[in-house]
Structure formats: structure tokens, C-alpha cells
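my_file_23.txt (compact mmCIF, C-alpha atoms) appears below.
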# COMPACT_ATOMS: atom_id res chain seq x y z
CA GLU A 8 -22.69 -11.04 -4.47
CA ILE A 9 -19.63 -9.79 -6.34
CA ARG A 10 -17.59 -9.14 -3.19
CA THR A 11 -17.29 -12.82 -2.25
CA PRO A 12 -15.15 -13.99 -5.20
CA LEU A 13 -13.20 -10.73 -5.15
CA ASN A 14 -12.38 -11.13 -1.45
CA GLY A 15 -11.46 -14.76 -2.11
CA THR A 16 -9.06 -13.68 -4.83
CA LEU A 17 -7.50 -11.05 -2.57
CA GLY A 18 -7.09 -13.70 0.13
CA LEU A 19 -5.31 -16.01 -2.29
CA ILE A 20 -3.03 -13.15 -3.31
CA ASP A 21 -2.16 -12.63 0.36
CA LEU A 22 -1.27 -16.33 0.63
CA LEU A 23 0.86 -16.07 -2.50
CA LEU A 24 2.71 -13.11 -1.00
CA GLU A 25 3.76 -15.36 1.89
CA THR A 26 5.54 -17.81 -0.44
CA MET A 27 9.07 -17.71 -1.82
CA LEU A 28 8.92 -15.30 -4.75
CA ASP A 29 11.73 -13.65 -6.65
CA THR A 30 11.81 -9.86 -6.86
CA GLU A 31 9.94 -9.62 -10.16
CA GLN A 32 7.25 -12.05 -9.03
CA MET A 33 6.84 -10.15 -5.76
CA GLU A 34 6.36 -6.88 -7.65
CA LEU A 35 3.78 -8.48 -9.93
CA VAL A 36 1.84 -10.02 -7.06
CA GLN A 37 1.98 -6.73 -5.13
CA SER A 38 0.54 -5.03 -8.23
CA MET A 39 -2.22 -7.64 -8.32
CA LYS A 40 -2.97 -6.94 -4.66
CA THR A 41 -3.08 -3.18 -5.19
CA ALA A 42 -5.26 -3.48 -8.30
CA GLY A 43 -7.58 -5.92 -6.54
CA THR A 44 -7.91 -3.64 -3.54
CA HIS A 45 -8.76 -0.72 -5.80
CA LEU A 46 -11.27 -2.86 -7.69
CA SER A 47 -12.86 -3.66 -4.35
CA SER A 48 -13.06 0.08 -3.64
CA ILE A 49 -14.73 0.66 -7.01
CA VAL A 50 -17.30 -2.03 -6.24
CA ASP A 51 -17.93 -0.33 -2.89
CA ASP A 52 -18.30 3.02 -4.67
CA VAL A 53 -20.88 1.58 -7.07
CA LEU A 54 -22.81 0.15 -4.14
CA ASP A 55 -22.51 3.50 -2.34
CA LEU A 56 -23.94 5.22 -5.41
CA ALA A 57 -26.99 3.00 -5.09
CA LYS A 58 -27.24 4.07 -1.44
CA VAL A 59 -26.97 7.75 -2.45
CA THR A 60 -29.79 7.26 -4.93
CA ALA A 61 -31.87 5.65 -2.19
CA GLY A 62 -30.90 8.37 0.31
CA LYS A 63 -29.19 5.87 2.64
CA LEU A 64 -25.47 6.68 2.35
CA GLN A 65 -23.51 7.45 5.52
CA LEU A 66 -19.95 8.72 5.18
CA LYS A 67 -17.21 7.10 7.27
CA GLU A 68 -14.88 9.90 8.25
CA GLN A 69 -11.40 8.68 9.14
CA PRO A 70 -7.79 9.83 8.97
CA VAL A 71 -6.26 9.40 5.51
CA ASN A 72 -2.48 9.54 5.09
CA ILE A 73 -1.85 11.68 2.01
CA ALA A 74 1.58 10.23 1.17
CA ASP A 75 0.32 6.64 1.45
CA LEU A 76 -2.69 7.40 -0.74
CA LEU A 77 -0.55 9.05 -3.42
CA ASN A 78 1.99 6.21 -3.35
CA GLU A 79 -0.81 3.68 -3.82
CA CYS A 80 -2.01 5.66 -6.84
CA LEU A 81 1.50 5.74 -8.30
CA TYR A 82 1.91 2.01 -7.65
CA LEU A 83 -1.15 1.32 -9.80
CA PHE A 84 0.72 2.72 -12.80
CA THR A 85 4.02 0.91 -12.19
CA SER A 86 3.66 -1.47 -15.13
CA GLN A 87 2.75 1.33 -17.57
CA ILE A 88 5.63 3.45 -16.30
CA LYS A 89 8.11 0.60 -16.79
CA ALA A 90 6.68 -0.23 -20.22
CA LYS A 91 7.26 3.35 -21.39
CA ASN A 92 10.73 3.38 -19.82
CA ILE A 93 10.03 6.54 -17.85
CA THR A 94 10.27 7.46 -14.19
CA ALA A 95 7.65 8.95 -11.93
CA ASN A 96 7.71 10.12 -8.36
CA ILE A 97 5.53 11.97 -5.93
CA GLN A 98 6.55 14.99 -3.91
CA VAL A 99 4.27 16.40 -1.26
CA ALA A 100 4.83 20.00 -0.21
CA ARG A 101 5.95 20.46 3.38
CA ASP A 102 2.92 22.56 4.23
CA VAL A 103 0.51 19.75 3.28
CA PRO A 104 -0.67 17.93 6.41
CA ALA A 105 0.40 14.29 6.72
CA GLU A 106 -3.20 13.24 7.32
CA VAL A 107 -6.59 14.65 6.48
CA ILE A 108 -10.05 13.47 7.43
CA GLY A 109 -11.85 11.83 4.55
CA ASP A 110 -13.97 8.92 3.43
CA GLN A 111 -11.88 6.33 1.63
What does the file become when written as C-alpha cells?
Amino acid sequence: EIRTPLNGTLGLIDLLLETMLDTEQMELVQSMKTAGTHLSSIVDDVLDLAKVTAGKLQLKEQPVNIADLLNECLYLFTSQIKAKNITANIQVARDVPAEVIGDQ
């Protein structure tokens, strides 16, 4: 199963985050963690697609924090943003609820 080595890698990244890292190393390892977590989500999505095809998918409705989700998305592009020497930020309108119900 593909999840086992991926989860092992994410566990090792967590251990690395608990060590003495300088600021740049911490940012790089945090990026690895975020990318690995999103890769895990993609694997789950592929497996969910197989469940949809088989008619066996059940959605897991739960609160999703909009600002956190958007910040995670922005964090994924940190290295590209720095490489192009540009800035990026996220602004959420005040009338947008802090949380919505969704299936992450």
C-alpha cells in the first residue's frame, strides 16, 4: 500500500521538526510537511475516486476553517514565490464565515 511509506516519511519529517534547525531549514522542512500532507490527500482522493466508481464513497462532513485552508494553499507555493521574488497574501472578506462544512 502506498500510504505506509508516505506516512513513514511524514512521521520522520515530524521528528526532524523537533530537532534544532535554523530558520531556513525549519521553513524547508515545514514545506516538506505541507507538501507531504497534500500528497497524502491526493492519494486519498484517488482512492476515493475508486470508491465513487464502485458506488461506495461516503462523504465525511466536518468544519473547515477557510483561512487555514487558504494559508495552507499559499504555503505550498512559498518556494516558487520566493524564487520569483514576488509577494503573495490572502485576504478573506469579512462577510465570509470563518468555517464552513465540507469534506477535506
Inset, instruction - Considering only C-alpha atoms, return as a list of chain:residue names whatever protein or nucleic-acid residues lie within 8 Å of range 46-62 of chain A, sequence-local ones (same chain, fewer than 3 positions apart) excluded. - result: A:Arg10, A:Leu13, A:Ala42, A:Gly43
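Shortest separation to Leu19 in chain A among A:Leu83, A:Gln32, A:Gly109, A:Lys40 occurs at residue A:Lys40, atoms counted being all atoms listed in the file.
When only C-alpha atoms are used to measure the gap to Leu66 in chain A, the shortest distance among A:Ile9, A:Ile108, A:Leu17, A:Met27 belongs to A:Ile108.
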Legend entry - Among the residues A:Gly15, A:Ile20, A:Gln37, A:Leu28, the one that comes closest to Ser86 in chain A [using only C-alpha atoms]: A:Gln37
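All residues that come within 7 Å of the coordinates (-0.7, 13.4, -3.5), counting only C-alpha atoms, are given as Ile73, Ala74, Leu76, Leu77, Ile97 and Val99 of chain A.
Put simply, CA of Thr16 in chain A is 22.4 Å away from CA of Leu81 in chain A.
One finds CA of Glu79 in chain A at 29.2 Å from CA of Lys63 in chain A.
Counting only C-alpha atoms, the residue from A:Asn14, A:Ser38, A:Gln65, A:Thr94 that sits nearest to Tyr82 in chain A is A:Ser38.
Nearest to His45 in chain A of all the residues A:Cys80, A:Val107, A:Ile93, A:Leu22 is A:Cys80, counting all atoms listed in the file.
Distances from A:Leu35, A:Leu64, A:Leu23, A:Thr41 to Asn78 in chain A were compared using all atoms listed in the file, and the smallest one belongs to A:Thr41.
The spacing separating CA of Asp102 in chain A from CA of Gln69 in chain A amounts to 20.5 Å.
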